[in-house]
>>> print(open('target.pdb').read())   # PDB, C-alpha atoms and all ligand atoms
ATOM      1  CA  MET I   1      21.815  -4.026  13.294
ATOM      2  CA  THR I   2      18.121  -4.758  13.064
ATOM      3  CA  PRO I   3      15.950  -3.650  16.019
ATOM      4  CA  PHE I   4      13.853  -6.803  15.652
ATOM      5  CA  PRO I   5      14.548 -10.504  15.793
ATOM      6  CA  PRO I   6      14.569 -12.154  12.361
ATOM      7  CA  PRO I   7      11.235 -13.641  11.247
ATOM      8  CA  ARG I   8      10.435 -16.999  12.806
ATOM      9  CA  GLY I   9      11.508 -19.847  10.550
ATOM     10  CA  GLY I  10      14.117 -17.645   8.895
ATOM     11  CA  ALA I  11      13.928 -15.983   5.535
ATOM     12  CA  ALA I  12      13.948 -17.918   2.294
ATOM     13  CA  PRO I  13      17.136 -17.605   0.272
ATOM     14  CA  VAL I  14      16.842 -15.118  -2.534
ATOM     15  CA  THR I  15      18.669 -14.351  -5.707
ATOM     16  CA  ALA I  16      19.331 -10.700  -5.078
ATOM     17  CA  PRO I  17      19.476  -8.341  -8.046
ATOM     18  CA  ARG I  18      22.078  -5.594  -8.141
ATOM     19  CA  PRO I  19      21.129  -2.388  -6.300
ATOM     20  CA  GLY I  20      18.681  -0.257  -8.260
ATOM     21  CA  GLU I  21      18.106  -2.999 -10.794
ATOM     22  CA  GLY I  22      14.686  -3.959  -9.462
ATOM     23  CA  THR I  23      13.269  -7.420  -9.888
ATOM     24  CA  SER I  24      10.607  -6.962 -12.542
ATOM     25  CA  ARG I  25      12.850  -8.936 -14.921
ATOM     26  CA  ARG I  26      12.521 -11.952 -12.633
ATOM     27  CA  LEU I  27       8.758 -11.922 -13.210
ATOM     28  CA  GLY I  28       9.239 -11.517 -16.914
ATOM     29  CA  TRP I  29       7.458  -8.173 -17.289
ATOM     30  CA  LYS I  30       8.207  -4.553 -16.821
ATOM     31  CA  ASP I  31       6.373  -1.998 -14.739
ATOM     32  CA  PRO I  32       4.526  -0.326 -16.377
ATOM     33  CA  SER I  33       3.420  -2.623 -19.179
ATOM     34  CA  PHE I  34       0.142  -3.886 -20.620
ATOM     35  CA  ARG I  35       1.042  -7.429 -19.720
ATOM     36  CA  ARG I  36       1.577  -6.587 -16.078
ATOM     37  CA  SER I  37      -1.568  -4.447 -15.813
ATOM     38  CA  LEU I  38      -3.635  -7.143 -17.506
ATOM     39  CA  ALA I  39      -2.350  -9.775 -15.067
ATOM     40  CA  LEU I  40      -3.210  -7.517 -12.120
ATOM     41  CA  PHE I  41      -6.633  -6.700 -13.548
ATOM     42  CA  ARG I  42      -7.418 -10.394 -14.042
ATOM     43  CA  ALA I  43      -6.312 -11.127 -10.492
ATOM     44  CA  PHE I  44      -8.505  -8.310  -9.097
ATOM     45  CA  ARG I  45     -11.512  -9.810 -10.840
ATOM     46  CA  HIS I  46     -10.989 -12.966  -8.787
ATOM     47  CA  GLU I  47     -10.210 -11.174  -5.531
ATOM     48  CA  GLN I  48     -13.288 -12.645  -3.812
ATOM     49  CA  ASP I  49     -13.064 -16.251  -5.044
ATOM     50  CA  ASP I  50      -9.253 -16.556  -5.069
ATOM     51  CA  PRO I  51      -7.783 -13.976  -2.662
ATOM     52  CA  GLU I  52      -4.591 -16.009  -2.273
ATOM     53  CA  ALA I  53      -3.699 -15.753  -5.976
ATOM     54  CA  CYS I  54      -4.805 -12.114  -6.185
ATOM     55  CA  TYR I  55      -2.919 -10.829  -3.157
ATOM     56  CA  SER I  56       0.171 -12.955  -3.745
ATOM     57  CA  LEU I  57       0.517 -11.425  -7.208
ATOM     58  CA  LEU I  58      -0.148  -7.930  -5.874
ATOM     59  CA  ALA I  59       2.448  -8.449  -3.152
ATOM     60  CA  ARG I  60       5.105  -9.623  -5.633
ATOM     61  CA  ASP I  61       4.329  -6.659  -7.836
ATOM     62  CA  ALA I  62       4.513  -4.136  -4.976
ATOM     63  CA  VAL I  63       7.802  -5.515  -3.643
ATOM     64  CA  ASP I  64       9.170  -5.371  -7.195
ATOM     65  CA  GLN I  65       8.256  -1.682  -7.194
ATOM     66  CA  VAL I  66      10.018  -1.102  -3.875
ATOM     67  CA  GLU I  67      13.132  -2.873  -5.174
ATOM     68  CA  ALA I  68      13.012  -0.937  -8.438
ATOM     69  CA  TYR I  69      13.317   2.303  -6.461
ATOM     70  CA  ASP I  70      15.517   1.186  -3.609
ATOM     71  CA  GLY I  71      17.414  -1.953  -4.576
ATOM     72  CA  PRO I  72      17.080  -5.393  -2.962
ATOM     73  CA  VAL I  73      15.196  -5.550   0.315
ATOM     74  CA  ALA I  74      17.250  -8.505   1.577
ATOM     75  CA  GLY I  75      18.639  -7.724   5.016
ATOM     76  CA  ARG I  76      16.620  -4.513   5.352
ATOM     77  CA  THR I  77      14.111  -3.682   8.069
ATOM     78  CA  VAL I  78      10.677  -3.252   6.511
ATOM     79  CA  LEU I  79       7.462  -2.177   8.255
ATOM     80  CA  ASP I  80       4.139  -3.084   6.655
ATOM     81  CA  VAL I  81       1.638  -0.687   8.238
ATOM     82  CA  GLY I  82      -2.039  -1.629   7.919
ATOM     83  CA  GLY I  83      -0.922  -4.790   6.193
ATOM     84  CA  GLY I  84      -4.150  -6.774   6.662
ATOM     85  CA  SER I  85      -3.504 -10.513   6.709
ATOM     86  CA  GLY I  86       0.146 -10.115   5.762
ATOM     87  CA  TYR I  87       0.624 -11.031   2.091
ATOM     88  CA  PHE I  88       3.070  -8.142   1.638
ATOM     89  CA  THR I  89       4.967  -8.900   4.840
ATOM     90  CA  GLU I  90       5.354 -12.520   3.711
ATOM     91  CA  GLU I  91       6.650 -11.458   0.295
ATOM     92  CA  PHE I  92       9.208  -9.094   1.857
ATOM     93  CA  ARG I  93      10.349 -11.971   4.092
ATOM     94  CA  ARG I  94      10.561 -14.351   1.138
ATOM     95  CA  ARG I  95      13.070 -11.928  -0.350
ATOM     96  CA  GLY I  96      15.134 -11.850   2.801
ATOM     97  CA  ALA I  97      13.882  -8.667   4.472
ATOM     98  CA  ASN I  98      13.301  -8.386   8.204
ATOM     99  CA  ALA I  99       9.679  -7.470   7.674
ATOM    100  CA  PHE I 100       7.069  -6.762  10.347
ATOM    101  CA  LEU I 101       3.341  -6.411  10.131
ATOM    102  CA  PHE I 102       1.440  -3.732  12.065
ATOM    103  CA  GLU I 103      -2.330  -4.037  11.805
ATOM    104  CA  PRO I 104      -4.901  -2.495  14.180
ATOM    105  CA  ASP I 105      -7.809  -4.817  13.376
ATOM    106  CA  PRO I 106      -7.445  -8.423  14.610
ATOM    107  CA  ALA I 107     -10.229  -9.455  12.210
ATOM    108  CA  GLU I 108      -8.122  -8.237   9.264
ATOM    109  CA  LEU I 109      -5.155 -10.271  10.491
ATOM    110  CA  GLY I 110      -7.239 -13.425   9.933
ATOM    111  CA  GLY I 111      -6.507 -16.889  11.253
ATOM    112  CA  LYS I 112      -2.902 -17.235  10.060
ATOM    113  CA  PRO I 113      -1.078 -13.911  10.389
ATOM    114  CA  PRO I 114       2.679 -13.813   9.802
ATOM    115  CA  ALA I 115       4.841 -14.581  12.836
ATOM    116  CA  ALA I 116       5.443 -11.635  15.157
ATOM    117  CA  ALA I 117       2.550  -9.589  13.732
ATOM    118  CA  VAL I 118       1.737  -6.635  15.984
ATOM    119  CA  VAL I 119      -1.766  -5.325  16.670
ATOM    120  CA  ALA I 120      -1.079  -1.602  16.486
ATOM    121  CA  ASP I 121      -2.534   1.571  15.060
ATOM    122  CA  GLY I 122      -0.598   3.329  12.314
ATOM    123  CA  TYR I 123      -1.121   6.655  14.089
ATOM    124  CA  LEU I 124       0.920   5.481  17.041
ATOM    125  CA  LEU I 125       3.396   2.744  16.194
ATOM    126  CA  PRO I 126       5.184   1.130  19.152
ATOM    127  CA  LEU I 127       8.599   1.847  17.620
ATOM    128  CA  ARG I 128      11.448   4.242  18.168
ATOM    129  CA  ASP I 129      12.298   6.905  15.585
ATOM    130  CA  GLY I 130      14.085   5.874  12.407
ATOM    131  CA  VAL I 131      14.014   2.067  12.837
ATOM    132  CA  ALA I 132      12.928   1.223   9.298
ATOM    133  CA  ASP I 133      14.815   1.153   6.024
ATOM    134  CA  VAL I 134      11.505   0.808   4.195
ATOM    135  CA  THR I 135       8.058   1.735   5.487
ATOM    136  CA  PHE I 136       5.295   0.290   3.377
ATOM    137  CA  SER I 137       1.599   1.069   3.436
ATOM    138  CA  SER I 138      -0.662  -0.270   0.714
ATOM    139  CA  ASN I 139      -4.225   0.979   0.408
ATOM    140  CA  VAL I 140      -4.549   2.270   3.959
ATOM    141  CA  LEU I 141      -4.530   6.066   3.560
ATOM    142  CA  GLU I 142      -8.157   6.217   2.377
ATOM    143  CA  HIS I 143      -9.169   4.293   5.499
ATOM    144  CA  VAL I 144      -7.789   6.781   8.020
ATOM    145  CA  ALA I 145      -9.573   9.967   9.076
ATOM    146  CA  ASP I 146      -6.344  11.968   9.398
ATOM    147  CA  PRO I 147      -3.941  11.070   6.547
ATOM    148  CA  GLU I 148      -1.455  13.803   7.504
ATOM    149  CA  THR I 149      -0.919  12.423  11.005
ATOM    150  CA  PHE I 150      -0.707   8.908   9.585
ATOM    151  CA  LEU I 151       2.023  10.036   7.146
ATOM    152  CA  SER I 152       3.880  11.804   9.963
ATOM    153  CA  GLU I 153       4.051   8.529  11.854
ATOM    154  CA  LEU I 154       5.323   6.649   8.775
ATOM    155  CA  ALA I 155       8.020   9.311   8.377
ATOM    156  CA  ARG I 156       8.940   9.226  12.073
ATOM    157  CA  VAL I 157       9.719   5.502  12.086
ATOM    158  CA  THR I 158      11.708   5.635   8.814
ATOM    159  CA  ARG I 159      15.443   6.309   9.003
ATOM    160  CA  PRO I 160      16.818   9.393   7.208
ATOM    161  CA  GLY I 161      17.308   8.366   3.577
ATOM    162  CA  GLY I 162      14.854   5.472   3.972
ATOM    163  CA  LEU I 163      12.036   4.787   1.537
ATOM    164  CA  ILE I 164       8.320   5.209   2.217
ATOM    165  CA  TYR I 165       5.832   3.463  -0.077
ATOM    166  CA  VAL I 166       2.281   4.758   0.259
ATOM    167  CA  SER I 167      -0.563   3.911  -2.064
ATOM    168  CA  PHE I 168      -4.270   4.606  -1.868
ATOM    169  CA  THR I 169      -7.400   4.453  -3.971
ATOM    170  CA  ASN I 170      -8.526   8.035  -4.390
ATOM    171  CA  TRP I 171     -12.199   8.856  -3.975
ATOM    172  CA  LEU I 172     -13.016   9.750  -7.591
ATOM    173  CA  SER I 173     -11.251   6.676  -8.970
ATOM    174  CA  PRO I 174     -13.615   4.140 -10.561
ATOM    175  CA  TRP I 175     -12.801   1.983  -7.494
ATOM    176  CA  GLY I 176     -13.008   4.862  -4.992
ATOM    177  CA  GLY I 177     -16.241   3.543  -3.490
ATOM    178  CA  HIS I 178     -14.670   0.108  -2.906
ATOM    179  CA  GLU I 179     -17.401  -2.574  -2.807
ATOM    180  CA  TRP I 180     -20.068  -0.033  -3.846
ATOM    181  CA  ALA I 181     -18.021   1.413  -6.744
ATOM    182  CA  PRO I 182     -18.625   2.950  -9.231
ATOM    183  CA  TRP I 183     -21.997   4.044  -7.842
ATOM    184  CA  HIS I 184     -20.223   6.306  -5.318
ATOM    185  CA  TRP I 185     -20.010   8.812  -8.184
ATOM    186  CA  PHE I 186     -23.742   9.328  -7.645
ATOM    187  CA  GLY I 187     -23.526   9.646  -3.856
ATOM    188  CA  ALA I 188     -22.029   7.474  -1.146
ATOM    189  CA  GLU I 189     -25.209   6.782   0.811
ATOM    190  CA  ARG I 190     -27.160   5.837  -2.263
ATOM    191  CA  ALA I 191     -24.316   3.613  -3.506
ATOM    192  CA  ARG I 192     -24.024   1.863  -0.165
ATOM    193  CA  ALA I 193     -27.784   1.265   0.069
ATOM    194  CA  ARG I 194     -27.762  -0.083  -3.478
ATOM    195  CA  TYR I 195     -24.982  -2.536  -2.623
ATOM    196  CA  VAL I 196     -26.875  -3.879   0.405
ATOM    197  CA  ARG I 197     -30.095  -4.174  -1.610
ATOM    198  CA  ARG I 198     -28.441  -5.934  -4.555
ATOM    199  CA  THR I 199     -26.196  -8.355  -2.674
ATOM    200  CA  GLY I 200     -28.159  -8.916   0.538
ATOM    201  CA  ARG I 201     -24.833  -8.495   2.366
ATOM    202  CA  PRO I 202     -23.838  -5.744   4.785
ATOM    203  CA  ALA I 203     -21.422  -3.269   3.225
ATOM    204  CA  LYS I 204     -17.933  -3.336   4.720
ATOM    205  CA  HIS I 205     -17.313   0.372   4.313
ATOM    206  CA  THR I 206     -19.156   3.474   5.474
ATOM    207  CA  LEU I 207     -18.030   6.883   4.283
ATOM    208  CA  GLY I 208     -16.739   8.934   7.200
ATOM    209  CA  GLU I 209     -16.263   5.876   9.428
ATOM    210  CA  ASN I 210     -13.785   3.532   7.779
ATOM    211  CA  LEU I 211     -13.552   5.042   4.285
ATOM    212  CA  PHE I 212     -12.657   8.657   3.536
ATOM    213  CA  ALA I 213     -12.769  10.775   0.394
ATOM    214  CA  VAL I 214      -9.059  11.317  -0.289
ATOM    215  CA  HIS I 215      -8.126  13.289  -3.391
ATOM    216  CA  ILE I 216      -4.905  13.308  -5.400
ATOM    217  CA  GLY I 217      -4.484  17.087  -5.804
ATOM    218  CA  SER I 218      -4.895  17.922  -2.116
ATOM    219  CA  THR I 219      -2.759  14.963  -1.037
ATOM    220  CA  LEU I 220       0.092  16.033  -3.342
ATOM    221  CA  ARG I 221      -0.095  19.602  -2.049
ATOM    222  CA  GLN I 222       0.044  18.395   1.560
ATOM    223  CA  VAL I 223       2.956  16.035   0.913
ATOM    224  CA  ARG I 224       4.938  18.671  -1.031
ATOM    225  CA  ALA I 225       4.542  21.065   1.892
ATOM    226  CA  ARG I 226       6.096  18.601   4.348
ATOM    227  CA  ASP I 227       9.700  18.983   5.475
ATOM    228  CA  ASP I 228      10.196  15.380   6.651
ATOM    229  CA  VAL I 229       9.871  13.711   3.226
ATOM    230  CA  THR I 230      10.587  14.409  -0.435
ATOM    231  CA  ILE I 231       8.625  12.916  -3.297
ATOM    232  CA  VAL I 232      10.678  10.522  -5.446
ATOM    233  CA  SER I 233       7.699   9.580  -7.583
ATOM    234  CA  ALA I 234       3.953  10.197  -7.694
ATOM    235  CA  ARG I 235       2.380   7.770 -10.125
ATOM    236  CA  SER I 236      -0.515   5.527 -10.917
ATOM    237  CA  ARG I 237       0.193   2.229  -9.202
ATOM    238  CA  TYR I 238      -1.410  -0.073 -11.788
ATOM    239  CA  TRP I 239      -1.454   1.830 -15.087
ATOM    240  CA  PRO I 240       0.247   0.211 -18.106
ATOM    241  CA  PHE I 241       1.626   3.489 -19.511
ATOM    242  CA  LEU I 242       2.011   7.201 -18.677
ATOM    243  CA  ALA I 243       1.954   6.223 -15.011
ATOM    244  CA  GLU I 244       3.589   9.475 -13.874
ATOM    245  CA  ALA I 245       2.110  11.685 -16.602
ATOM    246  CA  VAL I 246      -1.489  10.971 -15.623
ATOM    247  CA  VAL I 247      -0.843  12.238 -12.099
ATOM    248  CA  LYS I 248       0.335  15.586 -13.513
ATOM    249  CA  ALA I 249      -3.025  16.385 -15.139
ATOM    250  CA  PRO I 250      -5.236  18.251 -12.626
ATOM    251  CA  GLY I 251      -8.871  17.167 -12.757
ATOM    252  CA  ILE I 252      -8.288  14.213 -15.087
ATOM    253  CA  ARG I 253      -5.971  12.557 -12.563
ATOM    254  CA  GLU I 254      -8.774  12.296 -10.001
ATOM    255  CA  PHE I 255     -10.713   9.980 -12.330
ATOM    256  CA  ALA I 256      -7.942   8.357 -14.357
ATOM    257  CA  THR I 257      -5.202   7.470 -11.856
ATOM    258  CA  TRP I 258      -7.221   4.712 -10.139
ATOM    259  CA  ASN I 259      -4.695   4.304  -7.333
ATOM    260  CA  LEU I 260      -1.986   6.784  -6.419
ATOM    261  CA  LEU I 261       1.440   5.460  -5.510
ATOM    262  CA  LEU I 262       3.748   7.819  -3.652
ATOM    263  CA  ILE I 263       7.394   6.882  -3.338
ATOM    264  CA  LEU I 264       8.861   9.134  -0.665
ATOM    265  CA  ARG I 265      12.339   9.544   0.734
ATOM    266  CA  ARG I 266      12.782  10.408   4.437
ATOM    267  CA  CYS I 267      14.702  13.670   4.837
ATOM    268  CA  PRO I 268      17.610  13.953   7.275
ATOM    269  CA  SER I 269      16.234  15.207  10.606
TER
HETATM  270  C1  LIG J 301      -7.960  -2.206   2.222
HETATM  271  S1  LIG J 301      -7.100  -2.847   3.600
HETATM  272  C2  LIG J 301      -5.460  -2.949   2.918
HETATM  273  C3  LIG J 301      -4.722  -4.149   3.416
HETATM  274  C4  LIG J 301      -3.371  -4.369   2.736
HETATM  275  N1  LIG J 301      -2.437  -3.322   3.098
HETATM  276  C5  LIG J 301      -3.533  -4.463   1.245
HETATM  277  O1  LIG J 301      -3.049  -3.584   0.499
HETATM  278  O2  LIG J 301      -4.154  -5.425   0.769
HETATM  279  C6  LIG J 301      -6.966  -1.463   4.691
HETATM  280  C7  LIG J 301      -6.253  -1.795   5.957
HETATM  281  O3  LIG J 301      -5.982  -0.590   6.665
HETATM  282  C8  LIG J 301      -6.075  -0.895   8.031
HETATM  283  N2  LIG J 301      -6.203   0.351   8.805
HETATM  284  C9  LIG J 301      -7.289   1.116   9.008
HETATM  285  N3  LIG J 301      -7.001   2.134   9.843
HETATM  286  C10 LIG J 301      -5.702   2.002  10.175
HETATM  287  C11 LIG J 301      -4.811   2.737  11.022
HETATM  288  N4  LIG J 301      -5.209   3.809  11.703
HETATM  289  N5  LIG J 301      -3.544   2.303  11.125
HETATM  290  C12 LIG J 301      -3.104   1.221  10.431
HETATM  291  N6  LIG J 301      -3.904   0.490   9.638
HETATM  292  C13 LIG J 301      -5.184   0.877   9.507
HETATM  293  C14 LIG J 301      -7.302  -1.790   8.088
HETATM  294  O4  LIG J 301      -7.426  -2.478   9.321
HETATM  295  C15 LIG J 301      -7.057  -2.686   6.893
HETATM  296  O5  LIG J 301      -6.290  -3.810   7.225
END
>>> encode(input="target.pdb", output="structure tokens")
Amino acid sequence: MTPFPPPRGGAAPVTAPRPGEGTSRRLGWKDPSFRRSLALFRAFRHEQDDPEACYSLLARDAVDQVEAYDGPVAGRTVLDVGGGSGYFTEEFRRRGANAFLFEPDPAELGGKPPAAAVVADGYLLPLRDGVADVTFSSNVLEHVADPETFLSELARVTRPGGLIYVSFTNWLSPWGGHEWAPWHWFGAERARARYVRRTGRPAKHTLGENLFAVHIGSTLRQVRARDDVTIVSARSRYWPFLAEAVVKAPGIREFATWNLLLILRRCPS
């Protein structure tokens, strides 16, 4: 039984694939593949002028990844932690999941958040232990000062055997500096000042306030040392090939992975 009411308006009917089959076939490409990465790259280039198209594609792609590891999400309870304006939550619902958005910043929720969105911090979710079949967090870890505590909370709310999807842009990635990338390679303060000077706009991120230098090597060591989760996969989220291999190369992975995707399984308590 789900601990939440179903999404308002009900979930759209879905054509569910068989368990473990994933849904990348429905989109006509495989993950990883050049075609998929190219489509994502093109969408990212239009993130500012067409966020709807960009984030809808990213959401379909991410939910495909979840389904590839865990089977169809239809009927499952999914938590989208730090989900911004809710593109991922909406995509989970479109596929029949009981999906819920938790976002601490009302400004990020925007004017039309998904029904039943909750303003809540990922460090302290207003949920009992083990409620979720899938806990999903896309590109949030580099925005929290204490990633270990954040991960502990994701693990706490996930049922034993449940899946945890965590991705983040690591600091030395070409996109690590976010809107001031790639100039962060030459120093965060200088990169930020350059962005403000060049665009005339205030920078959204400040290192140490709402953006933190998270590295792949140290994150993997911390996650491997945990006893509440096991790593199913550590891979580049967007790469067209060698997505897992690149993460195994110390040093190189910090620059070449771009965005680390961790697929974790909640251990029995
Ligand atoms: C780059 S956005 C990512 C939004 C969305 N998940 C995506 O992938 O497009 C980072 C999000 O993390 C949220 N965030 C920051 N600190 C958080 C915290 N302690 N708990 C949960 N979310 C947090 C921000 O409010 C913001 O919505």
>>> residues_near_ligand(input="target.pdb", ligand="ligand LIG 301 (chain J)", cutoff="6 Å", atoms="only C-alpha atoms and all ligand atoms", output="MDAnalysis selection string")
chainID I and resid 81:84 103:105 108 121:123 137:140 143:144
>>> closest_residue(input="target.pdb", among="I:Leu124, I:Leu57, I:Val214, I:Ala256", to="Asn170 of chain I", atoms="only C-alpha atoms")
I:Val214
>>> resolve_selection(input="target.pdb", expression="the PyMOL selection byres (((chain I and resi 135) around 12) and not hetatm)", output="PyMOL selection string")
chain I and resi 63+66+70+73+76-83+88-89+92+97-102+122+125+130-134+136-138+151-167+262-266
>>> atom_distance(input="target.pdb", atom1="atom CA of Asn259 of chain I", atom2="atom CA of Trp239 of chain I")
8.8 Å
>>> residues_around(input="target.pdb", residues="Phe255 of chain I", least_positions_apart="4", cutoff="7 Å", atoms="all atoms listed in the file", output="list in words")
Leu172, Ser173 and Pro174 of chain I
>>> residues_near_point(input="target.pdb", point="(-3.9, 6.9, -10.4)", cutoff="7 Å", atoms="only C-alpha atoms", output="CSV table (one decimal) with C-alpha atoms, in the frame of the given file")
chain,number,residue,atom,x,y,z
I,235,ARG,CA,2.4,7.8,-10.1
I,236,SER,CA,-0.5,5.5,-10.9
I,237,ARG,CA,0.2,2.2,-9.2
I,247,VAL,CA,-0.8,12.2,-12.1
I,253,ARG,CA,-6.0,12.6,-12.6
I,256,ALA,CA,-7.9,8.4,-14.4
I,257,THR,CA,-5.2,7.5,-11.9
I,258,TRP,CA,-7.2,4.7,-10.1
I,259,ASN,CA,-4.7,4.3,-7.3
I,260,LEU,CA,-2.0,6.8,-6.4
>>> closest_residue(input="target.pdb", among="I:Leu127, I:Cys267, I:Val119, I:Leu38", to="Asp227 of chain I", atoms="only C-alpha atoms")
I:Cys267
>>> atom_distance(input="target.pdb", atom1="atom CA of Arg128 of chain I", atom2="atom CA of Arg60 of chain I")
28.3 Å
>>> closest_residue(input="target.pdb", among="I:Ala107, I:Ile216, I:Val229, I:Val223", to="Gly251 of chain I", atoms="all atoms listed in the file")
I:Ile216
>>> atom_distance(input="target.pdb", atom1="atom CA of Ala117 of chain I", atom2="atom CA of Gly176 of chain I")
28.3 Å
>>> closest_residue(input="target.pdb", among="I:Ala145, I:Ala225, I:Val246, I:Ile231", to="Ala213 of chain I", atoms="all atoms listed in the file")
I:Ala145
>>> build_atoms(input="target.pdb", residues="segment 131-154 of chain I", atoms="N, CA and C atoms", output="PDB file, keeping the file's coordinate frame")
ATOM      1  N   VAL I 131      13.608   3.482  12.797  1.00  0.00           N
ATOM      2  CA  VAL I 131      14.014   2.067  12.837  1.00  0.00           C
ATOM      3  C   VAL I 131      13.982   1.402  11.463  1.00  0.00           C
ATOM      4  N   ALA I 132      13.188   1.958  10.542  1.00  0.00           N
ATOM      5  CA  ALA I 132      12.928   1.223   9.298  1.00  0.00           C
ATOM      6  C   ALA I 132      13.754   1.725   8.130  1.00  0.00           C
ATOM      7  N   ASP I 133      14.217   0.780   7.307  1.00  0.00           N
ATOM      8  CA  ASP I 133      14.815   1.153   6.024  1.00  0.00           C
ATOM      9  C   ASP I 133      13.716   1.440   5.010  1.00  0.00           C
ATOM     10  N   VAL I 134      12.648   0.651   5.103  1.00  0.00           N
ATOM     11  CA  VAL I 134      11.505   0.808   4.195  1.00  0.00           C
ATOM     12  C   VAL I 134      10.231   0.758   5.031  1.00  0.00           C
ATOM     13  N   THR I 135       9.378   1.768   4.853  1.00  0.00           N
ATOM     14  CA  THR I 135       8.058   1.735   5.487  1.00  0.00           C
ATOM     15  C   THR I 135       7.029   1.656   4.372  1.00  0.00           C
ATOM     16  N   PHE I 136       6.174   0.663   4.485  1.00  0.00           N
ATOM     17  CA  PHE I 136       5.295   0.290   3.377  1.00  0.00           C
ATOM     18  C   PHE I 136       3.852   0.356   3.852  1.00  0.00           C
ATOM     19  N   SER I 137       3.015   1.003   3.064  1.00  0.00           N
ATOM     20  CA  SER I 137       1.599   1.069   3.436  1.00  0.00           C
ATOM     21  C   SER I 137       0.755   1.043   2.167  1.00  0.00           C
ATOM     22  N   SER I 138       0.105  -0.077   1.938  1.00  0.00           N
ATOM     23  CA  SER I 138      -0.662  -0.270   0.714  1.00  0.00           C
ATOM     24  C   SER I 138      -2.149  -0.142   1.004  1.00  0.00           C
ATOM     25  N   ASN I 139      -2.766   0.821   0.355  1.00  0.00           N
ATOM     26  CA  ASN I 139      -4.225   0.979   0.408  1.00  0.00           C
ATOM     27  C   ASN I 139      -4.778   1.141   1.817  1.00  0.00           C
ATOM     28  N   VAL I 140      -4.098   1.970   2.594  1.00  0.00           N
ATOM     29  CA  VAL I 140      -4.549   2.270   3.959  1.00  0.00           C
ATOM     30  C   VAL I 140      -4.980   3.732   4.082  1.00  0.00           C
ATOM     31  N   LEU I 141      -4.327   4.626   3.341  1.00  0.00           N
ATOM     32  CA  LEU I 141      -4.530   6.066   3.560  1.00  0.00           C
ATOM     33  C   LEU I 141      -6.001   6.495   3.444  1.00  0.00           C
ATOM     34  N   GLU I 142      -6.744   5.829   2.533  1.00  0.00           N
ATOM     35  CA  GLU I 142      -8.157   6.217   2.377  1.00  0.00           C
ATOM     36  C   GLU I 142      -9.029   5.644   3.491  1.00  0.00           C
ATOM     37  N   HIS I 143      -8.407   4.876   4.380  1.00  0.00           N
ATOM     38  CA  HIS I 143      -9.169   4.293   5.499  1.00  0.00           C
ATOM     39  C   HIS I 143      -8.869   4.991   6.818  1.00  0.00           C
ATOM     40  N   VAL I 144      -8.066   6.051   6.780  1.00  0.00           N
ATOM     41  CA  VAL I 144      -7.789   6.781   8.020  1.00  0.00           C
ATOM     42  C   VAL I 144      -8.379   8.187   7.927  1.00  0.00           C
ATOM     43  N   ALA I 145      -8.894   8.664   9.058  1.00  0.00           N
ATOM     44  CA  ALA I 145      -9.573   9.967   9.076  1.00  0.00           C
ATOM     45  C   ALA I 145      -8.582  11.121   8.962  1.00  0.00           C
ATOM     46  N   ASP I 146      -7.330  10.883   9.370  1.00  0.00           N
ATOM     47  CA  ASP I 146      -6.344  11.968   9.398  1.00  0.00           C
ATOM     48  C   ASP I 146      -5.066  11.508   8.669  1.00  0.00           C
ATOM     49  N   PRO I 147      -5.089  11.566   7.318  1.00  0.00           N
ATOM     50  CA  PRO I 147      -3.941  11.070   6.547  1.00  0.00           C
ATOM     51  C   PRO I 147      -2.635  11.785   6.882  1.00  0.00           C
ATOM     52  N   GLU I 148      -2.702  13.063   7.231  1.00  0.00           N
ATOM     53  CA  GLU I 148      -1.455  13.803   7.504  1.00  0.00           C
ATOM     54  C   GLU I 148      -0.746  13.249   8.737  1.00  0.00           C
ATOM     55  N   THR I 149      -1.516  12.979   9.789  1.00  0.00           N
ATOM     56  CA  THR I 149      -0.919  12.423  11.005  1.00  0.00           C
ATOM     57  C   THR I 149      -0.390  11.008  10.738  1.00  0.00           C
ATOM     58  N   PHE I 150      -1.145  10.259   9.949  1.00  0.00           N
ATOM     59  CA  PHE I 150      -0.707   8.908   9.585  1.00  0.00           C
ATOM     60  C   PHE I 150       0.639   8.970   8.847  1.00  0.00           C
ATOM     61  N   LEU I 151       0.759   9.896   7.890  1.00  0.00           N
ATOM     62  CA  LEU I 151       2.023  10.036   7.146  1.00  0.00           C
ATOM     63  C   LEU I 151       3.167  10.482   8.063  1.00  0.00           C
ATOM     64  N   SER I 152       2.839  11.346   9.024  1.00  0.00           N
ATOM     65  CA  SER I 152       3.880  11.804   9.963  1.00  0.00           C
ATOM     66  C   SER I 152       4.456  10.621  10.730  1.00  0.00           C
ATOM     67  N   GLU I 153       3.576   9.684  11.093  1.00  0.00           N
ATOM     68  CA  GLU I 153       4.051   8.529  11.854  1.00  0.00           C
ATOM     69  C   GLU I 153       4.897   7.601  10.965  1.00  0.00           C
ATOM     70  N   LEU I 154       4.502   7.459   9.699  1.00  0.00           N
ATOM     71  CA  LEU I 154       5.323   6.649   8.775  1.00  0.00           C
ATOM     72  C   LEU I 154       6.713   7.287   8.636  1.00  0.00           C
TER      73      LEU I 154
END
